Each structure stands twice: as structure tokens, then as C-alpha cells.
file data-v3.cif (mmCIF, C-alpha atoms)
data_data
#
loop_
_atom_site.group_PDB
_atom_site.id
_atom_site.type_symbol
_atom_site.label_atom_id
_atom_site.label_comp_id
_atom_site.auth_asym_id
_atom_site.auth_seq_id
_atom_site.Cartn_x
_atom_site.Cartn_y
_atom_site.Cartn_z
ATOM 1 C CA MET U 162 -13.583 -13.099 12.521
ATOM 2 C CA PRO U 163 -16.584 -12.734 10.165
ATOM 3 C CA SER U 164 -15.678 -12.406 6.490
ATOM 4 C CA ASN U 165 -17.230 -8.926 6.153
ATOM 5 C CA ALA U 166 -15.117 -7.661 9.076
ATOM 6 C CA ARG U 167 -12.002 -9.223 7.511
ATOM 7 C CA LYS U 168 -12.801 -7.565 4.171
ATOM 8 C CA GLN U 169 -13.277 -4.206 5.878
ATOM 9 C CA ILE U 170 -9.865 -4.498 7.541
ATOM 10 C CA GLN U 171 -8.241 -5.496 4.223
ATOM 11 C CA ASP U 172 -9.768 -2.436 2.583
ATOM 12 C CA GLU U 173 -8.388 -0.106 5.246
ATOM 13 C CA LEU U 174 -6.955 3.089 3.760
ATOM 14 C CA LEU U 175 -3.347 3.854 4.616
ATOM 15 C CA THR U 176 -1.207 6.995 4.387
ATOM 16 C CA PHE U 177 2.276 7.276 2.866
ATOM 17 C CA ASP U 178 3.790 7.114 6.354
ATOM 18 C CA GLU U 179 1.827 3.982 7.270
ATOM 19 C CA VAL U 180 2.751 2.164 4.048
ATOM 20 C CA ALA U 181 6.400 3.174 4.372
ATOM 21 C CA ALA U 182 6.387 1.816 7.926
ATOM 22 C CA ILE U 183 4.853 -1.486 6.769
ATOM 23 C CA LEU U 184 7.459 -1.834 4.015
ATOM 24 C CA LYS U 185 10.222 -0.519 6.313
ATOM 25 C CA ILE U 186 11.406 1.989 3.706
ATOM 26 C CA PRO U 187 11.769 5.779 3.760
ATOM 27 C CA THR U 188 8.642 7.731 2.826
ATOM 28 C CA GLY U 189 10.635 9.435 0.065
ATOM 29 C CA THR U 190 11.340 6.081 -1.557
ATOM 30 C CA LEU U 191 7.630 5.248 -1.566
ATOM 31 C CA ARG U 192 6.846 8.641 -3.137
ATOM 32 C CA THR U 193 9.485 8.037 -5.836
ATOM 33 C CA TRP U 194 8.116 4.553 -6.534
ATOM 34 C CA ARG U 195 4.618 6.036 -6.905
ATOM 35 C CA LEU U 196 5.861 8.617 -9.414
ATOM 36 C CA GLN U 197 7.677 5.868 -11.342
ATOM 37 C CA GLY U 198 4.629 3.589 -11.222
ATOM 38 C CA ILE U 199 6.494 0.750 -9.502
ATOM 39 C CA GLY U 200 5.133 0.840 -5.950
ATOM 40 C CA PRO U 201 1.846 -0.262 -4.457
ATOM 41 C CA THR U 202 -1.206 1.156 -6.199
ATOM 42 C CA GLY U 203 -2.460 4.320 -4.554
ATOM 43 C CA PHE U 204 -5.152 6.834 -5.376
ATOM 44 C CA ARG U 205 -6.126 10.374 -4.507
ATOM 45 C CA VAL U 206 -8.775 11.242 -1.965
ATOM 46 C CA GLY U 207 -9.008 14.973 -2.482
ATOM 47 C CA LYS U 208 -5.470 16.264 -2.137
ATOM 48 C CA TYR U 209 -4.274 13.176 -0.256
ATOM 49 C CA VAL U 210 -2.909 9.893 -1.587
ATOM 50 C CA ARG U 211 -4.160 6.743 0.084
ATOM 51 C CA PHE U 212 -3.330 3.067 -0.343
ATOM 52 C CA ARG U 213 -5.558 0.089 0.390
ATOM 53 C CA LEU U 214 -3.975 -2.423 2.757
ATOM 54 C CA SER U 215 -4.939 -5.173 0.306
ATOM 55 C CA ALA U 216 -2.987 -3.374 -2.481
ATOM 56 C CA VAL U 217 0.096 -3.168 -0.265
ATOM 57 C CA GLU U 218 -0.196 -6.875 0.533
ATOM 58 C CA GLN U 219 -0.529 -7.685 -3.195
ATOM 59 C CA PHE U 220 2.580 -5.599 -3.915
ATOM 60 C CA VAL U 221 4.580 -7.478 -1.274
ATOM 61 C CA ALA U 222 3.345 -10.852 -2.574
ATOM 62 C CA ALA U 223 4.345 -9.925 -6.138
ATOM 63 C CA LYS U 224 7.820 -8.900 -4.969
ATOM 64 C CA GLU U 225 8.162 -12.175 -3.061
ATOM 65 C CA ALA U 226 7.159 -14.111 -6.194
ATOM 66 C CA GLU U 227 9.747 -12.216 -8.255
ATOM 67 C CA SER U 228 12.416 -13.116 -5.700
ATOM 68 C CA ASP U 229 11.547 -16.809 -5.969
ATOM 69 C CA ASP U 230 12.414 -16.875 -9.680
#
call {"tool": "encode", "arguments": {"input": "data-v3.cif", "output": "C-alpha cells"}}
result
Amino acid sequence: MPSNARKQIQDELLTFDEVAAILKIPTGTLRTWRLQGIGPTGFRVGKYVRFRLSAVEQFVAAKEAESDD
């Protein structure tokens, strides 16, 4: 896969439901984490919150690193 196509996929924008499904957690938990500032980084697009796939992957990697300690 060409690097620009890979980058485009990594930068895919995800909804709350999609991120919750990836993390296998309830959507409500993800919303609470966002309010507490402890979940994956998201941002507003108009009235909607979106997450970059790369940000979700970074969040998971950071949690894995914490677990290794």
C-alpha cells in the first residue's frame, strides 16, 4: 500500500460509536473519558465529535505501555 494511502487511512475520522466498538467499551464510558480528559483525543466538527484513527491507536499504545510497567 502506498504511504499516502496508508496515511489517509490512519487519519480516518471516527464517531463515538466507532471508537467505542474499537475499544470494546460502552459509548457512555468513552463520553465520560472525554469529559474527564482521559480518553483518546477528539475534536469537534460542527456539533459532532470526531476522533482520528491514529489518535485512538496512540491511546491504546499508551495504555499498553502503562500496563507493562
call {"tool": "atom_distance", "arguments": {"input": "data-v3.cif", "atom1": "atom CA of Phe212 of chain U", "atom2": "atom CA of Glu227 of chain U"}}
result
21.6 Å
call {"tool": "resolve_selection", "arguments": {"input": "data-v3.cif", "expression": "the PyMOL selection byres ((chain U and resi 189-195) around 12)", "output": "list in words"}}
result
Thr176, Phe177, Asp178, Glu179, Val180, Ala181, Ala182, Ile183, Leu184, Lys185, Ile186, Pro187, Thr188, Leu196, Gln197, Gly198, Ile199, Gly200, Pro201, Thr202, Gly203, Phe204, Arg205, Val210, Arg211, Phe212, Val217 and Phe220 of chain U
call {"tool": "write_last_selection", "arguments": {"input": "data-v3.cif", "atoms": "C-alpha atoms", "output": "PDB file, in the coordinates of the input"}}
result
ATOM      1  CA  THR U 176      -1.207   6.995   4.387  1.00  0.00           C
ATOM      2  CA  PHE U 177       2.276   7.276   2.866  1.00  0.00           C
ATOM      3  CA  ASP U 178       3.790   7.114   6.354  1.00  0.00           C
ATOM      4  CA  GLU U 179       1.827   3.982   7.270  1.00  0.00           C
ATOM      5  CA  VAL U 180       2.751   2.164   4.048  1.00  0.00           C
ATOM      6  CA  ALA U 181       6.400   3.174   4.372  1.00  0.00           C
ATOM      7  CA  ALA U 182       6.387   1.816   7.926  1.00  0.00           C
ATOM      8  CA  ILE U 183       4.853  -1.486   6.769  1.00  0.00           C
ATOM      9  CA  LEU U 184       7.459  -1.834   4.015  1.00  0.00           C
ATOM     10  CA  LYS U 185      10.222  -0.519   6.313  1.00  0.00           C
ATOM     11  CA  ILE U 186      11.406   1.989   3.706  1.00  0.00           C
ATOM     12  CA  PRO U 187      11.769   5.779   3.760  1.00  0.00           C
ATOM     13  CA  THR U 188       8.642   7.731   2.826  1.00  0.00           C
ATOM     14  CA  LEU U 196       5.861   8.617  -9.414  1.00  0.00           C
ATOM     15  CA  GLN U 197       7.677   5.868 -11.342  1.00  0.00           C
ATOM     16  CA  GLY U 198       4.629   3.589 -11.222  1.00  0.00           C
ATOM     17  CA  ILE U 199       6.494   0.750  -9.502  1.00  0.00           C
ATOM     18  CA  GLY U 200       5.133   0.840  -5.950  1.00  0.00           C
ATOM     19  CA  PRO U 201       1.846  -0.262  -4.457  1.00  0.00           C
ATOM     20  CA  THR U 202      -1.206   1.156  -6.199  1.00  0.00           C
ATOM     21  CA  GLY U 203      -2.460   4.320  -4.554  1.00  0.00           C
ATOM     22  CA  PHE U 204      -5.152   6.834  -5.376  1.00  0.00           C
ATOM     23  CA  ARG U 205      -6.126  10.374  -4.507  1.00  0.00           C
ATOM     24  CA  VAL U 210      -2.909   9.893  -1.587  1.00  0.00           C
ATOM     25  CA  ARG U 211      -4.160   6.743   0.084  1.00  0.00           C
ATOM     26  CA  PHE U 212      -3.330   3.067  -0.343  1.00  0.00           C
ATOM     27  CA  VAL U 217       0.096  -3.168  -0.265  1.00  0.00           C
ATOM     28  CA  PHE U 220       2.580  -5.599  -3.915  1.00  0.00           C
TER      29      PHE U 220
END
call {"tool": "atom_distance", "arguments": {"input": "data-v3.cif", "atom1": "atom CA of Leu175 of chain U", "atom2": "atom CA of Arg213 of chain U"}}
result
6.1 Å
call {"tool": "atom_distance", "arguments": {"input": "data-v3.cif", "atom1": "atom CA of Tyr209 of chain U", "atom2": "atom CA of Ala222 of chain U"}}
result
25.3 Å
call {"tool": "axis_aligned_box", "arguments": {"input": "data-v3.cif", "around": "segment 192-204 of chain U", "padding_each_side": "3 Å", "output": "JSON"}}
result
{"center_x": 2.2, "center_y": 4.2, "center_z": -7.2, "size_x": 20.6, "size_y": 14.9, "size_z": 14.2}
call {"tool": "residues_around", "arguments": {"input": "data-v3.cif", "residues": "Leu214 of chain U", "least_positions_apart": "6", "cutoff": "7 Å", "atoms": "all atoms listed in the file", "output": "PyMOL selection string"}}
result
chain U and resi 171-175
call {"tool": "write_last_selection", "arguments": {"input": "data-v3.cif", "atoms": "C-alpha atoms", "output": "JSON list (two decimals), keeping the file's coordinate frame"}}
result
[["chain", "number", "residue", "atom", "x", "y", "z"],
["U", 171, "GLN", "CA", -8.24, -5.50, 4.22],
["U", 172, "ASP", "CA", -9.77, -2.44, 2.58],
["U", 173, "GLU", "CA", -8.39, -0.11, 5.25],
["U", 174, "LEU", "CA", -6.96, 3.09, 3.76],
["U", 175, "LEU", "CA", -3.35, 3.85, 4.62]]
